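run_15.cif, holding mmCIF, C-alpha atoms and all ligand atoms:
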data_coords
#
loop_
_atom_site.label_atom_id
_atom_site.label_comp_id
_atom_site.auth_asym_id
_atom_site.auth_seq_id
_atom_site.Cartn_x
_atom_site.Cartn_y
_atom_site.Cartn_z
CA MET A 434 84.82 86.07 120.18
CA THR A 435 86.86 84.42 117.43
CA ILE A 436 86.47 84.63 113.65
CA ASN A 437 85.26 81.07 113.83
CA ASP A 438 82.48 82.14 116.21
CA VAL A 439 81.49 84.96 113.87
CA GLN A 440 81.23 82.52 110.99
CA LYS A 441 79.05 80.15 113.01
CA ILE A 442 76.77 82.83 114.42
CA LEU A 443 76.06 84.22 110.96
CA ASN A 444 76.21 80.82 109.27
CA ALA A 445 78.38 82.67 106.75
CA THR A 446 80.43 81.24 103.89
CA VAL A 447 84.16 81.84 104.09
CA VAL A 448 85.41 82.59 100.56
CA THR A 449 89.12 83.00 101.34
CA GLN A 450 91.75 80.41 102.19
CA SER A 451 93.69 81.86 105.08
CA THR A 452 93.55 80.13 108.42
CA TYR A 453 91.80 82.17 111.01
CA GLU A 454 89.88 80.08 113.51
CA ASN A 455 91.38 81.47 116.66
CA ASN A 456 91.95 85.05 115.64
CA SER A 457 90.02 87.23 117.95
CA VAL A 458 87.37 89.74 116.97
CA GLN A 459 87.08 92.63 119.33
CA SER A 460 84.41 94.86 117.88
CA GLY A 461 82.13 95.32 114.91
CA PHE A 462 81.76 98.07 112.35
CA VAL A 463 79.17 98.56 109.62
CA GLY A 464 80.11 100.76 106.68
CA ASP A 465 80.17 100.94 102.90
CA LEU A 466 82.01 104.23 102.48
CA LEU A 467 85.71 103.44 102.65
CA SER A 468 86.88 106.73 104.16
CA VAL A 469 84.35 106.46 106.95
CA VAL A 470 85.56 102.95 107.71
CA MET A 471 89.20 104.09 107.72
CA GLY A 472 88.34 106.96 110.01
CA LYS A 473 86.28 105.04 112.52
CA ALA A 474 86.63 101.26 112.50
CA LYS A 475 88.89 99.80 115.19
CA GLU A 476 91.68 97.26 114.77
CA GLN A 477 90.57 93.63 114.99
CA CYS A 478 86.99 94.49 114.15
CA ALA A 479 84.54 92.49 112.10
CA TRP A 480 83.83 94.86 109.23
CA ILE A 481 80.35 94.44 107.80
CA THR A 482 79.79 95.85 104.31
CA ILE A 483 78.08 95.35 100.97
CA GLN A 484 81.23 96.26 99.03
CA GLY A 485 82.84 93.25 97.38
CA HIS A 486 85.59 94.78 95.25
CA ILE A 487 89.33 94.77 95.64
CA ASN A 488 89.61 98.10 97.45
CA ILE A 489 88.11 96.55 100.58
CA ILE A 490 91.29 94.48 100.90
CA ALA A 491 93.50 97.58 100.85
CA VAL A 492 91.31 99.21 103.48
CA GLY A 493 91.05 96.03 105.54
CA THR A 494 94.82 95.52 105.65
CA LEU A 495 95.61 99.17 106.33
CA ILE A 496 93.46 99.24 109.43
CA ASN A 497 93.99 95.58 110.41
CA VAL A 498 90.44 94.33 110.49
CA ALA A 499 89.90 90.82 111.87
CA CYS A 500 87.62 89.85 109.00
CA ILE A 501 85.32 91.30 106.35
CA ILE A 502 81.69 90.23 106.19
CA VAL A 503 80.03 90.91 102.84
CA THR A 504 76.28 90.95 103.31
CA GLU A 505 73.12 90.72 101.16
CA ASP A 506 74.81 88.00 99.11
CA PHE A 507 76.82 90.63 97.25
CA LYS A 508 79.44 89.03 95.06
CA VAL A 509 83.07 89.25 96.11
CA ASP A 510 85.24 89.88 93.03
CA GLU A 511 87.78 87.20 92.11
CA ASP A 512 90.68 89.66 92.24
CA ALA A 513 89.56 90.71 95.71
CA ILE A 514 89.61 87.09 96.87
CA SER A 515 93.10 86.41 95.52
CA LYS A 516 94.40 89.65 97.00
CA ALA A 517 92.83 88.72 100.35
CA ASN A 518 94.55 85.32 100.21
CA GLU A 519 97.85 87.06 99.55
CA GLU A 520 97.36 89.43 102.47
CA GLY A 521 95.90 86.85 104.83
CA ILE A 522 92.55 88.60 105.17
CA VAL A 523 89.42 86.56 105.89
CA ILE A 524 86.29 87.35 103.90
CA MET A 525 82.92 85.71 104.48
CA THR A 526 79.61 86.24 102.76
CA THR A 527 76.06 85.98 104.03
CA HIS A 528 72.54 86.48 102.66
CA LEU A 529 71.72 88.44 105.82
CA SER A 530 71.56 92.22 105.69
CA SER A 531 74.21 94.36 107.37
CA TYR A 532 71.68 95.22 110.06
CA GLU A 533 70.77 91.59 110.72
CA SER A 534 74.43 90.58 110.83
CA ALA A 535 75.31 93.31 113.28
CA ALA A 536 72.29 92.55 115.43
CA LEU A 537 73.14 88.85 115.59
CA LEU A 538 76.76 89.49 116.54
CA SER A 539 75.68 91.99 119.13
CA LYS A 540 73.16 89.59 120.62
CA ASN A 541 75.95 87.05 120.95
CA GLY A 542 78.13 89.43 122.88
CA LEU A 543 80.22 91.38 120.37
CA GLU A 544 80.35 95.00 121.45
CA MET B 359 115.12 105.06 103.29
CA ASN B 360 113.49 106.51 100.18
CA LEU B 361 110.70 104.85 98.24
CA HIS B 362 109.39 106.06 94.93
CA PHE B 363 106.11 105.08 93.26
CA ASP B 364 104.44 105.97 89.98
CA VAL B 365 100.66 105.90 90.34
CA GLU B 366 98.42 105.47 87.31
CA GLY B 367 95.19 107.41 86.97
CA GLY B 368 91.83 105.65 86.88
CA GLU B 369 93.46 102.47 88.21
CA PHE B 370 91.04 101.85 91.06
CA ILE B 371 92.19 98.29 91.18
CA SER B 372 95.85 98.70 92.00
CA ALA B 373 95.42 101.84 94.07
CA GLY B 374 96.86 101.32 97.49
CA VAL B 375 100.06 99.61 96.35
CA ALA B 376 102.27 102.43 97.59
CA SER B 377 100.63 102.71 101.01
CA SER B 378 100.68 98.93 101.50
CA LYS B 379 104.39 98.85 100.67
CA VAL B 380 105.20 101.64 103.14
CA LYS B 381 103.07 99.90 105.73
CA LYS B 382 105.05 96.67 105.29
CA VAL B 383 108.39 98.45 105.64
CA LEU B 384 107.24 100.19 108.84
CA LYS B 385 106.03 96.88 110.22
CA GLN B 386 109.48 95.39 109.65
CA LEU B 387 110.95 98.33 111.52
CA ALA B 388 108.69 97.39 114.46
CA ILE B 389 106.94 100.74 114.55
CA LYS B 390 103.87 100.84 116.82
CA PRO B 391 100.66 99.67 115.08
CA GLU B 392 98.74 102.89 115.83
CA ILE B 393 101.51 104.97 114.26
CA ILE B 394 101.58 102.70 111.21
CA ARG B 395 97.83 103.07 110.91
CA LYS B 396 98.11 106.88 110.96
CA ILE B 397 100.66 106.89 108.19
CA SER B 398 99.05 104.26 106.02
CA VAL B 399 95.52 105.65 106.22
CA ALA B 400 96.63 109.23 105.51
CA MET B 401 98.79 108.03 102.65
CA TYR B 402 96.13 105.73 101.19
CA GLU B 403 93.56 108.55 101.20
CA ALA B 404 95.98 110.80 99.32
CA GLU B 405 96.96 108.00 96.94
CA ILE B 406 93.30 107.25 96.15
CA ASN B 407 92.60 110.95 95.57
CA MET B 408 95.37 111.02 92.97
CA VAL B 409 93.70 108.12 91.21
CA ILE B 410 90.05 109.20 91.33
CA HIS B 411 90.38 112.99 91.10
CA ALA B 412 93.59 113.40 89.08
CA HIS B 413 95.22 111.11 86.52
CA GLY B 414 97.68 109.55 88.88
CA GLY B 415 101.03 111.02 89.79
CA VAL B 416 104.19 110.28 91.71
CA ILE B 417 104.76 109.46 95.37
CA ASP B 418 107.99 109.84 97.30
CA ALA B 419 108.10 108.42 100.78
CA GLU B 420 111.04 109.14 103.03
CA ILE B 421 111.41 107.00 106.13
CA MET B 422 113.63 108.78 108.61
CA PRO B 423 114.73 107.66 112.10
CA ASP B 424 112.07 109.75 113.83
CA HIS B 425 109.45 110.52 111.20
CA VAL B 426 107.96 109.58 107.85
CA HIS B 427 107.52 112.21 105.17
CA VAL B 428 105.40 111.44 102.12
CA VAL B 429 105.03 113.73 99.10
CA LEU B 430 102.24 112.94 96.63
CA LYS B 431 102.30 115.01 93.49
CA ASP B 432 99.84 115.01 90.61
CA GLU B 433 99.23 117.09 87.54
CA GLY B 434 95.47 116.77 87.70
CA PRO B 435 92.77 119.44 87.74
CA GLY B 436 93.86 120.90 91.07
CA ILE B 437 91.60 121.98 93.91
CA GLU B 438 89.83 125.30 93.51
CA ASN B 439 89.02 125.86 97.16
CA ILE B 440 91.11 123.81 99.57
CA GLU B 441 89.21 125.00 102.62
CA LEU B 442 85.94 123.80 101.10
CA ALA B 443 87.51 120.50 99.97
CA MET B 444 88.72 119.86 103.54
CA LYS B 445 85.14 120.02 104.87
CA ALA B 446 83.88 116.62 105.92
CA GLY B 447 81.28 115.50 103.40
CA TYR B 448 82.45 117.65 100.49
CA SER B 449 83.07 115.52 97.42
CA THR B 450 83.10 115.79 93.65
CA ALA B 451 83.75 112.06 93.18
CA SER B 452 82.38 110.50 90.00
CA ARG B 453 79.52 108.03 90.00
CA LEU B 454 81.91 105.20 89.29
CA ALA B 455 84.10 106.16 92.24
CA ARG B 456 81.03 106.39 94.46
CA GLU B 457 79.90 102.93 93.44
CA MET B 458 83.24 101.66 94.68
CA GLY B 459 82.66 103.21 98.08
CA PHE B 460 84.66 106.39 97.59
CA GLY B 461 83.20 109.85 97.76
CA ALA B 462 82.21 110.18 101.41
CA GLY B 463 84.15 113.43 101.38
CA MET B 464 86.13 112.20 104.37
CA GLY B 465 89.54 111.62 102.80
CA LEU B 466 91.08 115.01 103.48
CA ALA B 467 89.47 115.05 106.93
CA ASN B 468 91.14 111.69 107.69
CA MET B 469 94.50 112.98 106.41
CA LYS B 470 94.19 116.03 108.62
CA ARG B 471 93.34 113.88 111.60
CA TYR B 472 96.11 111.31 111.14
CA ALA B 473 98.99 113.43 109.82
CA ASP B 474 101.08 115.31 112.36
CA ILE B 475 101.75 117.87 109.65
CA LEU B 476 99.62 118.14 106.49
CA GLN B 477 100.44 120.54 103.70
CA ILE B 478 98.38 120.87 100.55
CA GLU B 479 99.34 123.03 97.63
CA SER B 480 97.14 123.16 94.61
CA GLU B 481 96.74 125.22 91.51
CA PRO B 482 93.62 124.80 89.37
CA GLY B 483 94.59 123.42 85.98
CA LYS B 484 98.12 122.56 87.14
CA GLY B 485 97.92 119.98 89.87
CA THR B 486 98.06 119.18 93.54
CA THR B 487 100.87 118.34 95.95
CA VAL B 488 100.07 116.79 99.30
CA GLU B 489 102.74 116.40 101.98
CA ILE B 490 102.16 114.22 104.99
CA THR B 491 104.48 114.03 107.97
CA VAL B 492 103.98 111.59 110.82
CA LYS B 493 106.25 111.30 113.85
CA LEU B 494 107.31 107.76 114.65
CA TYR B 495 107.86 108.33 118.35
CA PRO B 496 105.51 111.19 119.33
CA GLU B 497 105.90 110.46 123.05
CA GLN B 498 109.56 111.48 122.86
CA ALA B 499 108.88 114.77 121.09
N1 LIG C 601 94.49 115.24 94.14
C1 LIG C 601 93.36 115.91 93.91
N2 LIG C 601 93.15 116.52 92.71
C2 LIG C 601 91.99 117.20 92.48
N3 LIG C 601 91.00 117.31 93.38
C3 LIG C 601 91.15 116.73 94.58
C4 LIG C 601 92.33 116.00 94.91
N4 LIG C 601 92.20 115.55 96.17
C5 LIG C 601 91.00 115.98 96.60
N5 LIG C 601 90.35 116.70 95.66
C6 LIG C 601 89.04 117.37 95.77
O1 LIG C 601 88.70 117.48 97.14
C7 LIG C 601 87.45 116.80 97.40
C8 LIG C 601 87.47 116.22 98.78
O2 LIG C 601 88.46 115.16 98.88
P1 LIG C 601 88.27 114.02 99.96
O3 LIG C 601 89.37 113.05 99.82
O4 LIG C 601 88.05 114.64 101.30
O5 LIG C 601 86.88 113.35 99.56
P2 LIG C 601 86.57 112.36 98.34
O6 LIG C 601 87.84 111.87 97.76
O7 LIG C 601 85.66 113.05 97.41
O8 LIG C 601 85.80 111.19 99.08
P3 LIG C 601 86.48 110.08 100.07
O9 LIG C 601 87.90 110.47 100.25
O10 LIG C 601 85.70 110.16 101.33
O11 LIG C 601 86.32 108.78 99.38
C9 LIG C 601 87.34 115.79 96.26
O12 LIG C 601 86.00 115.38 96.03
C10 LIG C 601 87.92 116.59 95.09
O13 LIG C 601 86.99 117.52 94.61
MG MG C 602 89.34 111.06 98.93
#
Exercise: express the given structure as structure tokens:
Amino acid sequence: MTINDVQKILNATVVTQSTYENNSVQSGFVGDLLSVVMGKAKEQCAWITIQGHINIIAVGTLINVACIIVTEDFKVDEDAISKANEEGIVIMTTHLSSYESAALLSKNGLE
Amino acid sequence: MNLHFDVEGGEFISAGVASSKVKKVLKQLAIKPEIIRKISVAMYEAEINMVIHAHGGVIDAEIMPDHVHVVLKDEGPGIENIELAMKAGYSTASRLAREMGFGAGMGLANMKRYADILQIESEPGKGTTVEITVKLYPEQA
């Protein structure tokens, strides 16, 4: 699945500017505690979280996530968005819960 | 190659600058992604700890032909019981830090897992020094 597919499946709003359409997403991970994410999430995953502050960009780049999905309509901080643009990280937001987002991606074939 | 960083305390926002920089250098050196991930996660965890548990400190990263050695030194409150602090789930993180997603009590556990050698020296009231060594080509060891 590509980042583009993820966006369509969740009907999510992409808040960053980097191009991404064909980048592939290989797994999903749900987590709001940064150390747990760094310990367990795989490279090229779609990381689903309610955290919207700048530290998610550091974590996302360190472990090379494919994209970050901020759920429950949590606000993504402006400084996080500009840092994400600098680093080429894709962030999208959705009103869905983390559970609903994961379930939808799973139903559409993301492991 | 030697890199030096001064890390400010309480600066949740810029925390991670040192680890990102080291990560970029290693990427340019075409080091394997999984090795880069080991170094950068271990280093980021230690860097964040300096910010949220101490009042910042200094980081010296040494990139050698076959390994990376990072020393993170702070003059914060120190760790009373290192064995206890290493336990997954143990955390004294502040409410503010927890709201930002820190405080799972997994940082030291991640460092232990990703570092090939991890040394922690700490004296209550004086400070903490964390040393992380990661081999760049473990298959040749
Ligand atoms: N540099 C330090 N100075 C003082 N205390 C520290 C330092 N590093 C770690 N500690 C102590 O060790 C505990 C465990 O650290 P660890 O990194 O495992 O978890 P955490 O930082 O609390 O949460 P997480 O890393 O999961 O966000 C901390 O809560 C703190 O009490
Ligand atoms: Mg920590």
Pull the closest atom pair for each residue of chain A that gets at most 10 Å from ligand LIG 601 (chain C), along with the distance in Å to one decimal, counting all atoms listed in the file, ordering rows by chain and then ascending residue number, as a tab-separated table.
residue	atom	partner	partner_atom	distance
A:Leu466	CA	C:LIG601	O11	7.0
A:Leu467	CA	C:LIG601	O11	6.3
A:Ser468	CA	C:LIG601	O10	4.6
A:Val469	CA	C:LIG601	O10	6.9
A:Val470	CA	C:LIG601	O10	9.6
A:Met471	CA	C:LIG601	O10	9.5
A:Gly472	CA	C:LIG601	O10	9.6
Exercise for review: Step by step, measure atom-to-atom distances between ligand MG 602 (chain C) and each residue using all atoms listed in the file, keep those at most 6 Å, then write them as a PyMOL selection string.
Suggested key: chain B and resi 403+407+465
Review point. Contacts of Ile496 (chain A) at 12 Å or less, counting only C-alpha atoms, minus same-chain residues fewer than 6 places along, as a VMD selection string?
Key: (chain A and resid 467 to 480 489 to 490 522) or (chain B and resid 377 to 378 381 391 to 400 402)
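Distance-wise, CA of Lys493 (chain B) and CA of Asp474 (chain B) end up 6.7 Å apart.
When CA of Lys445 (chain B) is paired with CA of Ile478 (chain B), their separation reads 14.0 Å.
Counting from CA of Ile421 (chain B), the distance to CA of Ala388 (chain B) is 13.0 Å.
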So which residues fall inside 12 Å of (81.6, 81.4, 115.3) if we count only C-alpha atoms? Mind giving them as a PDB file with C-alpha atoms, in the coordinates of the input?
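Listed below is the output, result-v3.pdb:
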ATOM      1  CA  MET A 434      84.820  86.070 120.180  1.00  0.00           C
ATOM      2  CA  THR A 435      86.860  84.420 117.430  1.00  0.00           C
ATOM      3  CA  ILE A 436      86.470  84.630 113.650  1.00  0.00           C
ATOM      4  CA  ASN A 437      85.260  81.070 113.830  1.00  0.00           C
ATOM      5  CA  ASP A 438      82.480  82.140 116.210  1.00  0.00           C
ATOM      6  CA  VAL A 439      81.490  84.960 113.870  1.00  0.00           C
ATOM      7  CA  GLN A 440      81.230  82.520 110.990  1.00  0.00           C
ATOM      8  CA  LYS A 441      79.050  80.150 113.010  1.00  0.00           C
ATOM      9  CA  ILE A 442      76.770  82.830 114.420  1.00  0.00           C
ATOM     10  CA  LEU A 443      76.060  84.220 110.960  1.00  0.00           C
ATOM     11  CA  ASN A 444      76.210  80.820 109.270  1.00  0.00           C
ATOM     12  CA  ALA A 445      78.380  82.670 106.750  1.00  0.00           C
ATOM     13  CA  THR A 446      80.430  81.240 103.890  1.00  0.00           C
ATOM     14  CA  VAL A 447      84.160  81.840 104.090  1.00  0.00           C
ATOM     15  CA  TYR A 453      91.800  82.170 111.010  1.00  0.00           C
ATOM     16  CA  GLU A 454      89.880  80.080 113.510  1.00  0.00           C
ATOM     17  CA  ASN A 455      91.380  81.470 116.660  1.00  0.00           C
ATOM     18  CA  ASN A 456      91.950  85.050 115.640  1.00  0.00           C
ATOM     19  CA  SER A 457      90.020  87.230 117.950  1.00  0.00           C
ATOM     20  CA  VAL A 458      87.370  89.740 116.970  1.00  0.00           C
ATOM     21  CA  ALA A 479      84.540  92.490 112.100  1.00  0.00           C
ATOM     22  CA  MET A 525      82.920  85.710 104.480  1.00  0.00           C
ATOM     23  CA  LEU A 537      73.140  88.850 115.590  1.00  0.00           C
ATOM     24  CA  LEU A 538      76.760  89.490 116.540  1.00  0.00           C
ATOM     25  CA  ASN A 541      75.950  87.050 120.950  1.00  0.00           C
ATOM     26  CA  GLY A 542      78.130  89.430 122.880  1.00  0.00           C
ATOM     27  CA  LEU A 543      80.220  91.380 120.370  1.00  0.00           C
TER      28      LEU A 543
END
**Study point:** Who sits within 7 Å of region 481-484 of chain B, all atoms listed in the file, same chain under 4 positions skipped, as a VMD selection string
**Key:** chain B and resid 433 to 438
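Across B:Val383, B:Ala446, B:Ile389, B:Met458, the tightest approach to chain A is made by B:Met458 when counting all atoms listed in the file.
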